[in-house]
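A.B. asks: Can you keep this structure in mind? I'll have questions shortly.
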Amino acid sequence: MKKVFVKIHAAFLSPALFLACVLAFFSCENVVNSNNKVGIGEYHFPEATAVSRRVKSNLYLANGHSYFQLETVYLEGWEDVPFLSFEDVCLFIAGANDRGWQTEISGSVYKYKYNPDNCVDGLGHYWPPAWDTDELCFDAQNQTVYSDDFCRVITSTVSLNNGIGIMPVMSVEQASALSPKVVGSSLTTQVKAKEKTEIRLGDYGLKMFVIDNILYIPFQPLVSIFLPIGSCSFSGTDYYFEVANAGDDYATQKAYEFGRKNSSSRSQLMAEYNYRTLCMTFDLNYSLKDRRTVVEKANIERFNDSIFAAGLGFDLLSTDTDTYDLALGRFLMNYIDDSHTAYYAPSLYQPHSQVYYYYIHVMRDFAGPREQRMRVVEDRIKELRESAGGKAGLYYVKEGSLEKMAVLAFDGFEEKDHSSVPNPPPADKWGELSELNTYAFFKAAFVDIANHSSVDKVVLDLSCNGGGSVKQCVAALSFLKDCDQLYLPVRNVLDNSITKFYFDIRDENNKKLNELVTKNYDFYVLTSDISFSCGNAFPAQCKYQRLAKIVGIQSAGGASVVKNTQSADGALFRTSSAMEMVAFDGSECICVDAGVPVDLEIPREKFYSGTTLYQDLYGIIKDSGL
C-alpha cells in the first residue's frame with residue numbers, strides 16, 4: 001500500500017547551515033501561563049534517580065548521513081521516553097546556530113553560552129562580541145528554560161538581521177536562476193522589542209532530572225521548545241533532522257519502516273507524556289491562538305482547556321491507539337482548521353498498513369468548515385477559469401488594436417528547476433514557467449511586457465494562488481518597489497517582538513528587481529476567496545505598503561509560516577508556526593488571517609470572462625478609475 005509522508009523543511013541542512021523557518025509574538029516577561037492541571041485528574045509523572053538503559057543513536061541529516069552519534073538515555077520509571085544529556089542537547093543547538101559554544105553550571109542552572117574565542121560561523125563570518133553575553137538556561141530545580149535572547153540563541157547567524165531576530169527569508173549569497181540574491185538590510189527594526197522568554201516545563205508536569213551531576217532533558221519537549229529549529233524526529237532508535245516524502249531519501253525510509261511499534265495500546269504514562277507535549281507545543285508555537293476571532297473561531301487561552309471544551313481531551317489521552325489517532329486528526333483538521341494545518345501520518349504505534357488509510361480518512365472526513373469551504377470555492381474558481389480557456393501564464397488584453405493590460409497569472413510562489421523552459425519562453429510555456437519558479441516568471445514577464453509599449457496596466461492574478469515560498473513572495477514584491485523601502489512585518493510569539501524585516505534583493509547583475517520594470521505601470525492584484533498563505537501575504541503588503549490596488553474578492557487569509565512537526569508518539573502534522581505575518585497600516589499592526597479587503601469588489605464570474613480572456617476585468621478596472 002502506498003506510504004505517505006510529509007517533507008519537513010530542514011531546520012538543520014548541514015552542521016554549518018541552518019533553519020529555514022521563523023517565528024512571531026509574546027508578552028511582558030514572556031511566560032507560558034499554565035497550572036498543574038494538564039490532562040485528567042491528578043496524574044503525576046514519577047521522579048527518576050537512576051538510568052535504566054543507554055542506547056547509542058545517530059543523528060541523521062536529510063541525505064541519510066550521520067551528523068554525529070549521541071546517547072539516548074531511558075530513566076527508571078519513565079518507560080520509553082527518550083532523554084538526552086545536557087551536552088548532547090548543546091550539540092543540537094550548536095548545529096542550528098553555527099556559532100562557538102561553551103557550558104557553565106551554576107547551582108541547579110545549566111547554561112549554554114557562546115564561546116567568545118570561537119565566534120566564527122560556518123561561512124567564516126566573525127560575529128560581534130556583544131552577542132557573547134547571550135545564554136540559554138536550563139533550571140532543573142524549577143523546571144524552566146529561559147533566556148533574554150531566546151530566538152537569537154537558537155538561530156543560525158545567517159538567519160539573523162543585525163542581531164535583531166530571525167529573518168523570515170533565508171539569506172542567499174548569490175543570485176541564481178531560481179532565486180535572486182537576498183540579504184538582510186540594516187534598516188530592519190523591531191517595532192516591539194523582544195522580551196525575556198521563560199518556558200515552564202513544570203506547568204505541564206514534564207521534568208528534567210540531574211542524576212550523578214548530569215542533567216537529562218526529555219527529547220520531545222525539547223523539540224517543542226525549539227520548534228523553529230525543531231523539525232527533528234525520533235524513530236525509537238535514531239534522530240532525524242528532516243523527514244522527507246516517501247522514497248525521497250534513506251533517512252525517511254529508515255525512520256518510518258523500522259520505527260513503528262505496531263501496538264494497539266500504550267501505557268497511561270506514555271499517553272499523558274504525549275498529550276502534555278502536544279499541549280506545550282501548541283501553547284508555545286501556535287501563533288494564531290489569540291486571534292482566531294477574525295475567522296469566527298473562539299480564541300484559545302490554553303490548549304488543555306480548549307481541547308477539553310471541544311470534547312477531544314479524553315480521546316487524546318486515550319491509551320487506545322485508534323481512539324487517539326482519530327482524535328488527533330479531529331483536533332488538527334476540525335478544531336484548529338486554519339487551512340495551514342494538515343494531518344499526514346498517525347502515531348508510530350500504527351502499522352504501515354494503516355498509514356495511508358489514516359491520511360486519506362482524516363484529511364477527507366475531518367476537514368473543518370474553513371477547509372471545506374476552501375475546497376468547494378477552489379473547484380468553482382478553477383472551473384470558471386478553465387471554461388474561459390485560461391490557466392497560469394502571461395496574457396495581454398487589447399483595447400482596439402493596442403495591448404493595454406498585461407496579466408501575470410500564477411497559482412503559487414514556486415522555486416523549482418525550470419531549465420527545460422526556454423528563455424524567453426514561447427507562448428505555450430508561460431504557464432509551465434509560472435508553475436516552476438515565480439522569480440524567473442516575473443523576470444521574463446517584465447522583459448516581455450516592456451516590448452509592448454502600449455501596456456499601462458499590470459494585473460497580478462492570484463485568484464487561484466494557494467501560497468508557497470516566502471522568499472519567492474518577497475522577490476515578487478521587489479519587482480513593484482525599491483527593496484530599500486520594502487519590508488515584511490513579523491509578529492513573534494516566542495519573544496513578543498514585532499519586527500519589520502527589510503531586504504536588499506538583487507539579480508545576478510546586481511540590479512534591484514524593480515529596475516527591471518521599465519515603466520511606471522498601474523499595478524493591480526486580483527484575489528479571490530482561495531488566495532491563501534503567501535497568496536494572502538502578497539496582497540496584504542501590496543495594499544498597506546501602497547504597491548498596488550487590490551481587486552476581486554477578499555482573499556482567503558492564512559497569516560503564518562507553516563511548521564511541520566512530529567508528536568511525541570510519532571504522528572506527523574503541520575500547522576501555523578510561531579511566526580505570524582502581519583501588515584502595518586501606518587503605525588497600526590494588522591492581523592491578516594481573515595484576508596485582505598479589496599479596493600474594488602469584482603464577482604468571480606467576471607474574472608476571466610469577455611470576448612477574450614480577462615476582457616471584462618479590464619473594462620471594470622478601467623471604468624472604476626482606480
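Labels used: A, B, ... for chains in the order of the C-alpha cells, numbers from 1 for residues in each chain, and numbers from 1 for ligands as shown.
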Skip segment 357-373 of chain A itself and residues of its chain fewer than 4 positions away, then list as a VMD selection string all residues within 6 Å of it, counting only C-alpha atoms.
C.D. replies: chain A and resid 329 to 330 333 to 334 337 339 344 to 345
A.B. asks: Among segment 316-508 of chain A, which residues carry a DSSP assignment of strand (DSSP E), reported as a VMD selection string?
C.D. replies: chain A and resid 342 to 345 393 to 399 402 to 409 457 to 461 487 to 492 498 to 506
A.B. asks: What does the distance from atom CA of Gly570 of chain A to atom CA of Tyr324 of chain A come to in Å, to one decimal?
C.D. replies: 12.2 Å
A.B. asks: If you count only C-alpha atoms, which residues fall within 7 Å of Asp320 of chain A, apart from same-chain ones fewer than 3 positions away, as a list of chain:residue names?
C.D. replies: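 My list of contacting residues is A:Ser264, A:Ser265, A:Arg266, A:Thr323, A:Tyr324.
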A.B. asks: Atoms to include: N, CA and C atoms. Write the selected residues as a compact mmCIF listing (two decimals), in the first residue's frame.
C.D. replies:
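Output contents, as saved in part.txt:
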# COMPACT_ATOMS: atom_id res chain seq x y z
N SER A 264 -1.58 -1.81 19.75
CA SER A 264 -2.94 -1.27 19.82
C SER A 264 -3.13 -0.38 21.03
N SER A 265 -2.18 -0.37 21.95
CA SER A 265 -2.34 0.43 23.15
C SER A 265 -0.98 0.92 23.64
N ARG A 266 -1.05 1.97 24.47
CA ARG A 266 0.15 2.44 25.14
C ARG A 266 -0.20 2.68 26.60
N THR A 323 -8.26 5.20 18.92
CA THR A 323 -9.02 6.32 19.50
C THR A 323 -8.17 7.59 19.49
N TYR A 324 -6.91 7.46 19.92
CA TYR A 324 -6.02 8.62 19.95
C TYR A 324 -5.77 9.17 18.56
A.B. asks: Just asking: which residues within segment 408-543 of chain A are helix (DSSP H, G or I) according to DSSP, as JSON, numbers by chain?
C.D. replies: {"A": [427, 428, 429, 430, 431, 432, 433, 434, 435, 436, 438, 439, 440, 441, 442, 443, 444, 445, 446, 447, 448, 449, 450, 470, 471, 472, 473, 474, 475, 476, 477, 478, 513, 514, 515, 516, 534, 535, 536, 537, 538, 539, 540, 541, 542, 543]}
A.B. asks: Could you work out how far atom CA of Ala548 of chain A lies from atom CA of Asp623 of chain A, giving the answer in Å with one decimal?
C.D. replies: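 Atom-to-atom, atom CA of Asp623 of chain A and atom CA of Ala548 of chain A are spaced 17.0 Å apart.
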A.B. asks: Given the choices A:Asp529, A:Asp98, A:Glu71, A:Glu415, which gets closest to Thr438 of chain A if the distance is worked out from only C-alpha atoms?
C.D. replies: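 Counting only C-alpha atoms, the residue closest to Thr438 of chain A is A:Glu415.
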